[in-house]
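Student: Below: one structure in structure tokens.
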2 protein chains.
Amino acid sequence: MSELRKDPIMKRWVIVASERSLKPYDFPSEGEVATYPCAFCPGQERLTPPEVFSFRKENTGPDQPGWTVRVIPNKFPAVQASDFFYHADSGLFEKMAGVGVHEVIIETPEHYSDLADLPVQHIEKILHTFCQRMEAAEKDPKLKYCLIFKNQGKEAGASIQHPHSQLIAIPVVPKRVEEELEGAREYFYRKKSCVFCDLIREEMTRAERVILVNSDFLVCIPYAARFPYEIWVLPIRHTSSFLTVSLEEIRSLSLVLKKTLQAIKVGLDRAPFNFILHVAPFSRSGENYETYYHWHIEILPALTKIAGFEWGSGFYINPVIPEEAAQNLKNFVPKE
Amino acid sequence: MSELRKDPIMKRWVIVASERSLKPYDFPSEGEVATYPCAFCPGQERLTPPEVFSFRKENTGPDQPGWTVRVIPNKFPAVQASDFFYHADSGLFEKMAGVGVHEVIIETPEHYSDLADLPVQHIEKILHTFCQRMEAAEKDPKLKYCLIFKNQGKEAGASIQHPHSQLIAIPVVPKRVEEELEGAREYFYRKKSCVFCDLIREEMTRAERVILVNSDFLVCIPYAARFPYEIWVLPIRHTSSFLTVSLEEIRSLSLVLKKTLQAIKVGLDRAPFNFILHVAPFSRSGENYETYYHWHIEILPALTKIAGFEWGSGFYINPVIPEEAAQNLKNFVPKE
């Protein structure tokens, strides 16, 4: 079982997970061909831990072919379910059992497919799967936060080529989320409004960083983008939780996501990227995140390398002006 | 000129520097041979901006061969000196002129050399150069912080093979440093002692994460290391500034650094890495950093990829247990 450790100066948690070094690395490199069919392909279900959820054809059973989206526990988990829990703090050194949930959402049976190419109805199923698994993770009272993310392409940290996302639920609210909550809370107390809602209004008025907009979602390059072509997908309706999103909104999001990912694929020459779904922590803490927090998606193309200056400062050097990035990318958004 | 922009939610600054996309990328990839001699090699001085400092043989003039360490302004600067300055804040969108200093410290005339292989006396000269350039950067009253760092190897973000470090001085204290200062300040008010001094004592007592120690410096793997084989070099004498380090301490640090870099080179098979020198902000702010802050060096081998989970959470997954990393690396520290 892994261990969570907290840095005594930075208050930053790390997961020390020595099992992770066994993670298979099947990405093709230098002409080498990746394993196909892989463990995520239909017919190979016995190679993965038993599924915990799937969308599948009638009259097919769990861990058999016939699924369109399939969720399995990660075989090399960063954290895992356990009744054994500890939390110790010596003053300088604080640690905690690596309890949590680490699942893989296999997005399609097609090994060589790509989220951008899936039909809108299929993307809808993936988003419904996100909701379902998030809800399931919230049931463990030890857990405080659930992060859903996707690494596409080797340069973005993917180790398996078959299209998939991941879910990690952990017993602490992560630093990056705490900082967002703090920024949003501080703004709310000062201005009596949600910083995300105000940003959405401002971006829609200025229009210079907008890539795509419909009645439910705004897709834009943020004002202080860390990375070239960093993209935010913001729901126009204020809510802190992904679980309160309506069926119509899910449908709308699927279309918006497909168009955005198509623009990345064509306009940025299949750039590798990370996709992050940011929602409020589990609500049982008593804190009312709903008033000031606003869920959203961040898409971070991996076009530049993070180096000493970024590690040392937390600053980022972005060589592409956000307004120009938006204008460029806009041209690659499919019309319908 | 570049622009500094602040994220309205995260309070994180980015440098939008569109000139940087012109940066030459001369690292050999897929069998391609790097330019040799490069612009950093002796005899090619006319290809770089005029030098601002050098250690050189008597009777040789600036921008001529005969130097052992040479400092030049970065040809593609992230920030640059300017009398023109602006700082504007619309409430949501805050920006500032990208003023500052961005210099390259060419560590040796030898293109194919490596910091780990240089004689201790040569490393001393590089460290003295760091001091000299830091002191020079502090003279501009617009600037608040000076970061010296080194990217070694393509995977760590180096774009030029010739051994070099960089210095960036900027008009704001970076977030990553603010967080360290805050953590150290908070600890000081609570415990009436420096968190780094307490850590040094604790690590030396436990010994399980120590790689190397002499009378002036401790080299260890931190308790909550973010990366496999992350290394901290901590001065045993408490001081927040690199500029107050004595000649004997510089000599001692050179030896300790050489041994540590040799251990990385041999033990980690020439792993690419980032090297970061963390010091207190320029002292003119009136804040007395000296009481609670403690300068140090962080060395971050680039052995794992940063992916969606790390970007989304600020958590890190470290597949190598810090105590095991220290024990492994210790075996590769040269005896004398």
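Identifiers in this document derive from the order of the structure tokens: chains are assigned A, B, ..., residues are numbered from 1 separately in each chain, and ligands are numbered from 1 in order of occurrence.
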Any chance you could lay chain B over chain A, fitting all C-alpha atoms in order by least squares, and write the moved chain as an mmCIF file with C-alpha atoms, in the first residue's frame?
Tutor:
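Listed below is the output, out25.cif:
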```cif
data_model
loop_
_atom_site.group_PDB
_atom_site.id
_atom_site.type_symbol
_atom_site.label_atom_id
_atom_site.label_comp_id
_atom_site.auth_asym_id
_atom_site.auth_seq_id
_atom_site.Cartn_x
_atom_site.Cartn_y
_atom_site.Cartn_z
ATOM 1 C CA MET B 1 -0.014 0.012 -0.024
ATOM 2 C CA SER B 2 1.237 3.472 -0.853
ATOM 3 C CA GLU B 3 1.851 6.274 1.649
ATOM 4 C CA LEU B 4 0.890 9.938 1.559
ATOM 5 C CA ARG B 5 3.615 12.254 2.891
ATOM 6 C CA LYS B 6 3.426 15.986 3.518
ATOM 7 C CA ASP B 7 6.339 18.335 2.929
ATOM 8 C CA PRO B 8 6.968 20.200 6.214
ATOM 9 C CA ILE B 9 7.724 23.504 4.482
ATOM 10 C CA MET B 10 5.528 23.581 1.381
ATOM 11 C CA LYS B 11 2.527 21.673 2.859
ATOM 12 C CA ARG B 12 2.498 19.749 -0.401
ATOM 13 C CA TRP B 13 1.458 16.083 -0.347
ATOM 14 C CA VAL B 14 3.154 13.400 -2.364
ATOM 15 C CA ILE B 15 2.129 9.798 -2.914
ATOM 16 C CA VAL B 16 5.023 7.423 -2.355
ATOM 17 C CA ALA B 17 3.885 4.462 -4.382
ATOM 18 C CA SER B 18 6.701 2.042 -5.022
ATOM 19 C CA GLU B 19 4.345 -0.411 -6.792
ATOM 20 C CA ARG B 20 3.962 2.205 -9.556
ATOM 21 C CA SER B 21 7.475 1.627 -10.880
ATOM 22 C CA LEU B 22 6.184 -1.695 -12.212
ATOM 23 C CA LYS B 23 3.750 0.107 -14.486
ATOM 24 C CA PRO B 24 3.983 -1.329 -18.003
ATOM 25 C CA TYR B 25 5.177 1.065 -20.607
ATOM 26 C CA ASP B 26 3.762 -0.071 -23.890
ATOM 27 C CA PHE B 27 3.955 3.155 -25.883
ATOM 28 C CA PRO B 28 5.750 2.704 -29.192
ATOM 29 C CA SER B 29 9.123 4.431 -29.130
ATOM 30 C CA GLU B 30 11.734 4.565 -31.879
ATOM 31 C CA GLY B 31 9.876 2.333 -34.288
ATOM 32 C CA GLU B 32 8.879 -0.231 -31.685
ATOM 33 C CA VAL B 33 5.297 -1.428 -32.166
ATOM 34 C CA ALA B 34 2.880 -1.179 -29.215
ATOM 35 C CA THR B 35 1.153 -4.307 -27.995
ATOM 36 C CA TYR B 36 -2.046 -4.847 -29.961
ATOM 37 C CA PRO B 37 -4.522 -6.063 -28.884
ATOM 38 C CA CYS B 38 -3.672 -4.607 -25.457
ATOM 39 C CA ALA B 39 -5.182 -5.392 -22.059
ATOM 40 C CA PHE B 40 -7.796 -2.669 -22.660
ATOM 41 C CA CYS B 41 -9.033 -4.235 -25.936
ATOM 42 C CA PRO B 42 -12.246 -6.314 -26.141
ATOM 43 C CA GLY B 43 -11.513 -10.007 -25.745
ATOM 44 C CA GLN B 44 -8.647 -9.256 -23.309
ATOM 45 C CA GLU B 45 -10.886 -8.547 -20.301
ATOM 46 C CA ARG B 46 -9.295 -11.354 -18.272
ATOM 47 C CA LEU B 47 -5.995 -9.378 -18.266
ATOM 48 C CA THR B 48 -7.492 -6.520 -16.217
ATOM 49 C CA PRO B 49 -8.977 -6.482 -12.703
ATOM 50 C CA PRO B 50 -12.766 -7.177 -12.828
ATOM 51 C CA GLU B 51 -14.788 -4.236 -14.147
ATOM 52 C CA VAL B 52 -16.697 -1.992 -11.714
ATOM 53 C CA PHE B 53 -18.951 -0.366 -14.317
ATOM 54 C CA SER B 54 -19.697 -0.551 -18.027
ATOM 55 C CA PHE B 55 -22.004 0.540 -20.778
ATOM 56 C CA ARG B 56 -22.577 -2.699 -22.691
ATOM 57 C CA LYS B 57 -24.903 -4.454 -25.107
ATOM 58 C CA GLU B 58 -27.849 -6.329 -23.650
ATOM 59 C CA ASN B 59 -27.215 -9.995 -22.960
ATOM 60 C CA THR B 60 -23.469 -9.533 -22.425
ATOM 61 C CA GLY B 61 -22.047 -10.082 -18.934
ATOM 62 C CA PRO B 62 -19.341 -8.214 -17.001
ATOM 63 C CA ASP B 63 -15.751 -8.753 -18.196
ATOM 64 C CA GLN B 64 -16.927 -9.977 -21.580
ATOM 65 C CA PRO B 65 -16.759 -8.156 -24.912
ATOM 66 C CA GLY B 66 -19.822 -6.109 -25.907
ATOM 67 C CA TRP B 67 -19.032 -2.950 -23.900
ATOM 68 C CA THR B 68 -18.686 0.588 -25.253
ATOM 69 C CA VAL B 69 -17.238 2.182 -22.083
ATOM 70 C CA ARG B 70 -15.631 0.028 -19.359
ATOM 71 C CA VAL B 71 -14.274 0.992 -15.933
ATOM 72 C CA ILE B 72 -11.695 -1.110 -14.077
ATOM 73 C CA PRO B 73 -9.579 -0.583 -10.955
ATOM 74 C CA ASN B 74 -6.046 0.494 -11.922
ATOM 75 C CA LYS B 75 -3.765 -2.564 -11.812
ATOM 76 C CA PHE B 76 -0.912 -0.391 -10.484
ATOM 77 C CA PRO B 77 -2.824 1.944 -8.185
ATOM 78 C CA ALA B 78 -1.422 5.149 -6.699
ATOM 79 C CA VAL B 79 -3.968 4.731 -3.874
ATOM 80 C CA GLN B 80 -6.355 1.877 -3.044
ATOM 81 C CA ALA B 81 -9.413 0.964 -0.966
ATOM 82 C CA SER B 82 -8.581 -0.305 2.506
ATOM 83 C CA ASP B 83 -10.107 -0.462 5.963
ATOM 84 C CA PHE B 84 -6.619 0.001 7.356
ATOM 85 C CA PHE B 85 -5.975 3.694 7.880
ATOM 86 C CA TYR B 86 -3.345 5.689 9.744
ATOM 87 C CA HIS B 87 -2.491 9.365 10.046
ATOM 88 C CA ALA B 88 0.644 10.284 11.980
ATOM 89 C CA ASP B 89 2.324 13.642 12.530
ATOM 90 C CA SER B 90 5.690 13.946 14.285
ATOM 91 C CA GLY B 91 5.714 17.725 13.899
ATOM 92 C CA LEU B 92 8.106 17.723 10.950
ATOM 93 C CA PHE B 93 6.951 14.569 9.237
ATOM 94 C CA GLU B 94 3.262 13.955 8.568
ATOM 95 C CA LYS B 95 2.005 10.828 6.810
ATOM 96 C CA MET B 96 -1.181 9.002 5.992
ATOM 97 C CA ALA B 97 -2.153 5.619 4.540
ATOM 98 C CA GLY B 98 -2.522 5.751 0.756
ATOM 99 C CA VAL B 99 -6.219 4.923 0.816
ATOM 100 C CA GLY B 100 -8.423 5.942 -2.053
ATOM 101 C CA VAL B 101 -9.779 4.927 -5.413
ATOM 102 C CA HIS B 102 -7.777 4.700 -8.644
ATOM 103 C CA GLU B 103 -9.800 3.627 -11.653
ATOM 104 C CA VAL B 104 -9.291 3.507 -15.398
ATOM 105 C CA ILE B 105 -12.136 4.531 -17.689
ATOM 106 C CA ILE B 106 -11.592 2.726 -21.002
ATOM 107 C CA GLU B 107 -13.306 5.141 -23.354
ATOM 108 C CA THR B 108 -13.879 2.897 -26.350
ATOM 109 C CA PRO B 109 -13.240 -0.693 -27.457
ATOM 110 C CA GLU B 110 -11.259 0.675 -30.452
ATOM 111 C CA HIS B 111 -7.524 0.604 -29.663
ATOM 112 C CA TYR B 112 -6.562 3.022 -32.433
ATOM 113 C CA SER B 113 -9.411 5.458 -31.859
ATOM 114 C CA ASP B 114 -9.253 8.928 -30.333
ATOM 115 C CA LEU B 115 -11.693 10.795 -28.068
ATOM 116 C CA ALA B 116 -11.960 13.537 -30.724
ATOM 117 C CA ASP B 117 -13.221 11.058 -33.310
ATOM 118 C CA LEU B 118 -15.884 9.318 -31.223
ATOM 119 C CA PRO B 119 -19.542 10.122 -32.006
ATOM 120 C CA VAL B 120 -21.086 12.780 -29.727
ATOM 121 C CA GLN B 121 -23.409 10.115 -28.276
ATOM 122 C CA HIS B 122 -20.399 8.030 -27.292
ATOM 123 C CA ILE B 123 -18.690 11.002 -25.584
ATOM 124 C CA GLU B 124 -21.961 11.504 -23.668
ATOM 125 C CA LYS B 125 -21.642 7.952 -22.315
ATOM 126 C CA ILE B 126 -18.082 8.673 -21.169
ATOM 127 C CA LEU B 127 -19.255 11.820 -19.346
ATOM 128 C CA HIS B 128 -22.093 9.866 -17.707
ATOM 129 C CA THR B 129 -19.490 7.319 -16.627
ATOM 130 C CA PHE B 130 -17.463 10.139 -15.024
ATOM 131 C CA CYS B 131 -20.569 11.139 -13.012
ATOM 132 C CA GLN B 132 -21.354 7.595 -11.990
ATOM 133 C CA ARG B 133 -17.815 6.826 -10.779
ATOM 134 C CA MET B 134 -17.462 10.156 -8.981
ATOM 135 C CA GLU B 135 -20.681 9.442 -7.112
ATOM 136 C CA ALA B 136 -19.436 5.954 -6.207
ATOM 137 C CA ALA B 137 -16.087 7.340 -4.918
ATOM 138 C CA GLU B 138 -17.872 9.866 -2.694
ATOM 139 C CA LYS B 139 -19.425 7.009 -0.684
ATOM 140 C CA ASP B 140 -16.155 6.270 1.167
ATOM 141 C CA PRO B 141 -16.267 8.695 4.135
ATOM 142 C CA LYS B 142 -12.427 8.703 4.367
ATOM 143 C CA LEU B 143 -12.155 10.415 0.968
ATOM 144 C CA LYS B 144 -12.267 14.162 0.379
ATOM 145 C CA TYR B 145 -11.630 14.760 -3.300
ATOM 146 C CA CYS B 146 -12.073 13.097 -6.674
ATOM 147 C CA LEU B 147 -10.019 14.073 -9.707
ATOM 148 C CA ILE B 148 -10.805 12.821 -13.209
ATOM 149 C CA PHE B 149 -8.090 13.348 -15.786
ATOM 150 C CA LYS B 150 -6.786 12.096 -19.088
ATOM 151 C CA ASN B 151 -3.249 11.935 -20.457
ATOM 152 C CA GLN B 152 -3.204 11.718 -24.233
ATOM 153 C CA GLY B 153 0.092 10.944 -25.946
ATOM 154 C CA LYS B 154 3.429 9.831 -24.582
ATOM 155 C CA GLU B 155 4.701 13.392 -24.107
ATOM 156 C CA ALA B 156 1.701 14.105 -21.864
ATOM 157 C CA GLY B 157 2.572 11.131 -19.670
ATOM 158 C CA ALA B 158 0.345 8.429 -21.180
ATOM 159 C CA SER B 159 1.823 4.955 -20.799
ATOM 160 C CA ILE B 160 -0.964 3.051 -22.573
ATOM 161 C CA GLN B 161 -2.069 4.003 -26.086
ATOM 162 C CA HIS B 162 -5.642 2.663 -25.887
ATOM 163 C CA PRO B 163 -7.934 5.703 -25.226
ATOM 164 C CA HIS B 164 -8.650 5.997 -21.506
ATOM 165 C CA SER B 165 -9.162 8.449 -18.658
ATOM 166 C CA GLN B 166 -8.444 7.967 -14.974
ATOM 167 C CA LEU B 167 -10.140 8.727 -11.676
ATOM 168 C CA ILE B 168 -8.194 9.200 -8.433
ATOM 169 C CA ALA B 169 -10.045 9.871 -5.168
ATOM 170 C CA ILE B 170 -7.909 10.746 -2.121
ATOM 171 C CA PRO B 171 -8.267 11.442 1.625
ATOM 172 C CA VAL B 172 -7.054 15.089 1.393
ATOM 173 C CA VAL B 173 -8.060 18.075 -0.732
ATOM 174 C CA PRO B 174 -5.102 18.588 -3.082
ATOM 175 C CA LYS B 175 -3.029 21.789 -2.899
ATOM 176 C CA ARG B 176 -3.843 22.880 -6.442
ATOM 177 C CA VAL B 177 -7.583 22.658 -5.694
ATOM 178 C CA GLU B 178 -7.159 24.343 -2.284
ATOM 179 C CA GLU B 179 -5.503 27.270 -4.053
ATOM 180 C CA GLU B 180 -8.374 27.579 -6.524
ATOM 181 C CA LEU B 181 -10.936 27.364 -3.720
ATOM 182 C CA GLU B 182 -9.044 30.000 -1.743
ATOM 183 C CA GLY B 183 -8.783 32.348 -4.720
ATOM 184 C CA ALA B 184 -12.495 31.934 -5.495
ATOM 185 C CA ARG B 185 -13.537 32.297 -1.839
ATOM 186 C CA GLU B 186 -11.447 35.428 -1.361
ATOM 187 C CA TYR B 187 -12.949 36.964 -4.538
ATOM 188 C CA PHE B 188 -16.466 36.060 -3.414
ATOM 189 C CA TYR B 189 -16.076 37.769 -0.046
ATOM 190 C CA ARG B 190 -14.649 40.843 -1.724
ATOM 191 C CA LYS B 191 -17.024 41.163 -4.711
ATOM 192 C CA LYS B 192 -20.067 39.115 -3.666
ATOM 193 C CA SER B 193 -19.922 37.192 -6.919
ATOM 194 C CA CYS B 194 -18.302 34.081 -8.390
ATOM 195 C CA VAL B 195 -14.946 34.821 -10.026
ATOM 196 C CA PHE B 196 -15.621 32.223 -12.721
ATOM 197 C CA CYS B 197 -19.045 33.746 -13.553
ATOM 198 C CA ASP B 198 -17.440 37.200 -13.771
ATOM 199 C CA LEU B 199 -14.635 35.821 -15.944
ATOM 200 C CA ILE B 200 -17.129 34.149 -18.281
ATOM 201 C CA ARG B 201 -19.054 37.424 -18.721
ATOM 202 C CA GLU B 202 -15.842 39.387 -19.290
ATOM 203 C CA GLU B 203 -14.404 36.863 -21.775
ATOM 204 C CA MET B 204 -17.669 36.756 -23.736
ATOM 205 C CA THR B 205 -17.744 40.567 -23.925
ATOM 206 C CA ARG B 206 -14.103 40.945 -24.980
ATOM 207 C CA ALA B 207 -14.325 37.884 -27.275
ATOM 208 C CA GLU B 208 -10.581 38.048 -28.028
ATOM 209 C CA ARG B 209 -9.765 34.788 -26.213
ATOM 210 C CA VAL B 210 -12.948 32.888 -27.089
ATOM 211 C CA ILE B 211 -12.571 29.717 -29.152
ATOM 212 C CA LEU B 212 -16.141 28.493 -29.068
ATOM 213 C CA VAL B 213 -19.352 29.276 -27.205
ATOM 214 C CA ASN B 214 -22.876 27.860 -27.054
ATOM 215 C CA SER B 215 -25.758 28.431 -24.647
ATOM 216 C CA ASP B 216 -24.225 26.162 -21.979
ATOM 217 C CA PHE B 217 -20.448 26.366 -22.342
ATOM 218 C CA LEU B 218 -17.626 28.796 -23.055
ATOM 219 C CA VAL B 219 -14.332 27.480 -24.432
ATOM 220 C CA CYS B 220 -11.493 29.987 -24.211
ATOM 221 C CA ILE B 221 -7.778 30.512 -23.705
ATOM 222 C CA PRO B 222 -7.288 31.892 -20.190
ATOM 223 C CA TYR B 223 -5.813 35.400 -19.775
ATOM 224 C CA ALA B 224 -2.728 34.081 -17.970
ATOM 225 C CA ALA B 225 -2.381 30.752 -19.796
ATOM 226 C CA ARG B 226 0.576 28.755 -18.437
ATOM 227 C CA PHE B 227 1.069 26.800 -21.647
ATOM 228 C CA PRO B 228 0.744 27.523 -25.371
ATOM 229 C CA TYR B 229 -2.870 26.769 -26.321
ATOM 230 C CA GLU B 230 -3.993 26.031 -22.752
ATOM 231 C CA ILE B 231 -7.799 25.814 -22.953
ATOM 232 C CA TRP B 232 -10.541 26.175 -20.325
ATOM 233 C CA VAL B 233 -14.042 24.784 -20.797
ATOM 234 C CA LEU B 234 -16.399 26.711 -18.494
ATOM 235 C CA PRO B 235 -20.070 25.886 -17.853
ATOM 236 C CA ILE B 236 -22.146 29.069 -18.126
ATOM 237 C CA ARG B 237 -24.573 27.964 -15.407
ATOM 238 C CA HIS B 238 -22.987 28.361 -11.969
ATOM 239 C CA THR B 239 -22.546 25.116 -10.036
ATOM 240 C CA SER B 240 -19.616 23.664 -8.135
ATOM 241 C CA SER B 241 -20.453 20.015 -8.773
ATOM 242 C CA PHE B 242 -20.290 17.938 -11.903
ATOM 243 C CA LEU B 243 -23.014 15.693 -10.465
ATOM 244 C CA THR B 244 -25.709 18.367 -10.789
ATOM 245 C CA VAL B 245 -25.119 18.808 -14.524
ATOM 246 C CA SER B 246 -28.309 18.079 -16.483
ATOM 247 C CA LEU B 247 -28.744 15.602 -19.310
ATOM 248 C CA GLU B 248 -29.033 18.467 -21.779
ATOM 249 C CA GLU B 249 -25.834 20.017 -20.433
ATOM 250 C CA ILE B 250 -23.992 16.696 -20.770
ATOM 251 C CA ARG B 251 -25.160 16.506 -24.391
ATOM 252 C CA SER B 252 -24.050 20.082 -24.969
ATOM 253 C CA LEU B 253 -20.662 19.442 -23.304
ATOM 254 C CA SER B 254 -20.079 16.370 -25.477
ATOM 255 C CA LEU B 255 -20.499 18.431 -28.611
ATOM 256 C CA VAL B 256 -18.317 21.265 -27.303
ATOM 257 C CA LEU B 257 -15.599 18.820 -26.226
ATOM 258 C CA LYS B 258 -15.624 17.015 -29.554
ATOM 259 C CA LYS B 259 -15.226 20.303 -31.436
ATOM 260 C CA THR B 260 -12.453 21.496 -29.117
ATOM 261 C CA LEU B 261 -10.524 18.221 -29.342
ATOM 262 C CA GLN B 262 -10.950 18.246 -33.136
ATOM 263 C CA ALA B 263 -9.485 21.765 -33.236
ATOM 264 C CA ILE B 264 -6.484 20.558 -31.189
ATOM 265 C CA LYS B 265 -6.089 17.482 -33.369
ATOM 266 C CA VAL B 266 -6.141 19.370 -36.670
ATOM 267 C CA GLY B 267 -4.839 22.790 -35.627
ATOM 268 C CA LEU B 268 -2.091 21.577 -33.316
ATOM 269 C CA ASP B 269 -1.097 18.511 -35.315
ATOM 270 C CA ARG B 270 -2.343 15.917 -32.802
ATOM 271 C CA ALA B 271 -0.572 17.594 -29.892
ATOM 272 C CA PRO B 272 -0.381 15.438 -26.754
ATOM 273 C CA PHE B 273 -2.412 16.922 -23.907
ATOM 274 C CA ASN B 274 -3.664 16.582 -20.335
ATOM 275 C CA PHE B 275 -7.346 16.961 -19.600
ATOM 276 C CA ILE B 276 -8.421 17.817 -16.038
ATOM 277 C CA LEU B 277 -11.931 17.996 -14.559
ATOM 278 C CA HIS B 278 -11.956 20.367 -11.572
ATOM 279 C CA VAL B 279 -14.925 20.114 -9.214
ATOM 280 C CA ALA B 280 -15.503 21.088 -5.577
ATOM 281 C CA PRO B 281 -14.372 18.684 -2.828
ATOM 282 C CA PHE B 282 -16.901 16.169 -1.489
ATOM 283 C CA SER B 283 -19.569 18.183 0.285
ATOM 284 C CA ARG B 284 -19.532 16.397 3.647
ATOM 285 C CA SER B 285 -16.940 18.836 5.042
ATOM 286 C CA GLY B 286 -19.718 21.301 5.891
ATOM 287 C CA GLU B 287 -18.063 24.019 3.793
ATOM 288 C CA ASN B 288 -20.494 25.480 1.275
ATOM 289 C CA TYR B 289 -18.408 25.410 -1.907
ATOM 290 C CA GLU B 290 -21.528 25.894 -4.013
ATOM 291 C CA THR B 291 -21.664 29.642 -3.352
ATOM 292 C CA TYR B 292 -18.237 30.500 -4.738
ATOM 293 C CA TYR B 293 -16.781 27.566 -6.684
ATOM 294 C CA HIS B 294 -17.520 26.721 -10.309
ATOM 295 C CA TRP B 295 -16.548 23.378 -11.881
ATOM 296 C CA HIS B 296 -14.614 23.450 -15.154
ATOM 297 C CA ILE B 297 -12.283 21.550 -17.440
ATOM 298 C CA GLU B 298 -8.666 22.467 -18.213
ATOM 299 C CA ILE B 299 -6.951 21.136 -21.322
ATOM 300 C CA LEU B 300 -3.156 21.528 -21.289
ATOM 301 C CA PRO B 301 -1.348 20.718 -24.547
ATOM 302 C CA ALA B 302 2.180 19.413 -23.867
ATOM 303 C CA LEU B 303 4.065 21.545 -26.402
ATOM 304 C CA THR B 304 6.786 22.985 -24.158
ATOM 305 C CA LYS B 305 9.007 21.388 -21.516
ATOM 306 C CA ILE B 306 8.810 22.334 -17.858
ATOM 307 C CA ALA B 307 12.318 23.195 -16.728
ATOM 308 C CA GLY B 308 14.323 24.656 -13.853
ATOM 309 C CA PHE B 309 12.778 28.118 -13.975
ATOM 310 C CA GLU B 310 9.224 26.760 -13.741
ATOM 311 C CA TRP B 311 10.117 24.258 -10.987
ATOM 312 C CA GLY B 312 11.989 26.898 -9.037
ATOM 313 C CA SER B 313 9.503 29.735 -9.346
ATOM 314 C CA GLY B 314 6.039 28.361 -10.061
ATOM 315 C CA PHE B 315 6.082 30.914 -12.912
ATOM 316 C CA TYR B 316 5.466 29.705 -16.429
ATOM 317 C CA ILE B 317 6.934 31.072 -19.641
ATOM 318 C CA ASN B 318 4.351 30.933 -22.396
ATOM 319 C CA PRO B 319 5.779 31.656 -25.852
ATOM 320 C CA VAL B 320 2.341 32.020 -27.485
ATOM 321 C CA ILE B 321 0.206 35.113 -26.778
ATOM 322 C CA PRO B 322 -3.207 33.867 -25.512
ATOM 323 C CA GLU B 323 -5.214 36.133 -27.870
ATOM 324 C CA GLU B 324 -3.237 34.827 -30.869
ATOM 325 C CA ALA B 325 -3.651 31.232 -29.697
ATOM 326 C CA ALA B 326 -7.436 31.715 -29.555
ATOM 327 C CA GLN B 327 -7.569 33.284 -33.014
ATOM 328 C CA ASN B 328 -5.461 30.448 -34.470
ATOM 329 C CA LEU B 329 -7.420 27.650 -32.865
ATOM 330 C CA LYS B 330 -10.803 29.160 -33.729
ATOM 331 C CA ASN B 331 -10.114 28.497 -37.408
ATOM 332 C CA PHE B 332 -9.945 24.770 -36.734
ATOM 333 C CA VAL B 333 -13.235 24.409 -34.858
ATOM 334 C CA PRO B 334 -15.562 22.283 -37.050
ATOM 335 C CA LYS B 335 -18.670 24.257 -38.036
ATOM 336 C CA GLU B 336 -21.229 21.538 -37.234
#
```
Student: If you run DSSP on the backbone, which residues of range 3-243 of chain B are strand (DSSP E), as a short mmCIF file (atom, residue, chain, number, x, y, z; two decimals) with C-alpha atoms, in the first residue's frame?
Tutor:
```
data_model
loop_
_atom_site.label_atom_id
_atom_site.label_comp_id
_atom_site.auth_asym_id
_atom_site.auth_seq_id
_atom_site.Cartn_x
_atom_site.Cartn_y
_atom_site.Cartn_z
CA GLU B 3 4.46 40.75 -20.44
CA LEU B 4 3.79 39.37 -16.97
CA ARG B 5 0.16 38.33 -16.42
CA LYS B 6 -1.49 37.20 -13.21
CA TRP B 13 2.10 34.82 -12.72
CA VAL B 14 3.05 33.77 -16.20
CA ILE B 15 5.50 35.38 -18.61
CA VAL B 16 4.00 35.79 -22.06
CA PHE B 53 31.21 39.04 -16.82
CA SER B 54 33.94 36.45 -17.22
CA PHE B 55 36.76 34.64 -15.54
CA ARG B 56 39.52 34.81 -18.16
CA TRP B 67 37.73 32.58 -20.60
CA THR B 68 36.89 29.75 -18.21
CA VAL B 69 33.42 31.00 -17.18
CA ARG B 70 31.53 33.54 -19.32
CA VAL B 71 28.22 35.32 -18.69
CA ILE B 72 26.10 36.77 -21.51
CA PRO B 73 22.58 38.21 -21.72
CA HIS B 87 1.63 47.74 -13.95
CA ALA B 88 -2.10 47.66 -14.65
CA ASP B 89 -4.93 45.91 -12.81
CA GLU B 94 -3.47 42.23 -13.82
CA LYS B 95 -0.35 42.74 -15.93
CA MET B 96 3.13 44.15 -15.73
CA ALA B 97 5.97 44.91 -18.15
CA VAL B 101 17.44 40.21 -16.18
CA HIS B 102 17.92 36.95 -18.09
CA GLU B 103 21.52 35.81 -18.35
CA VAL B 104 23.33 32.67 -19.42
CA ILE B 105 26.30 31.47 -17.40
CA ILE B 106 28.50 29.43 -19.76
CA TYR B 145 13.79 38.12 -6.86
CA CYS B 146 16.67 36.35 -8.56
CA LEU B 147 16.54 32.68 -9.50
CA ILE B 148 19.59 30.75 -10.69
CA PHE B 149 18.89 27.40 -12.29
CA LYS B 150 20.31 24.82 -14.64
CA ASN B 151 18.58 22.43 -17.03
CA GLN B 152 20.79 19.49 -17.92
CA HIS B 164 25.39 26.39 -18.91
CA SER B 165 23.19 27.75 -16.13
CA GLN B 166 20.75 30.64 -16.25
CA LEU B 167 19.81 33.59 -14.07
CA ILE B 168 16.37 35.22 -14.21
CA ALA B 169 15.59 38.24 -12.02
CA ILE B 170 11.96 39.46 -11.98
CA VAL B 210 21.32 11.28 4.07
CA ILE B 211 23.45 10.94 0.94
CA LEU B 212 26.46 12.94 2.01
CA VAL B 213 27.42 15.32 4.80
CA PHE B 217 26.57 20.97 3.98
CA LEU B 218 23.99 18.19 4.19
CA VAL B 219 22.89 16.42 1.01
CA CYS B 220 19.74 14.35 1.44
CA ILE B 231 17.95 15.84 -3.78
CA TRP B 232 18.30 18.84 -1.45
CA VAL B 233 21.65 20.45 -0.65
CA LEU B 234 21.30 22.33 2.66
CA PRO B 235 23.92 24.63 4.20
#
```
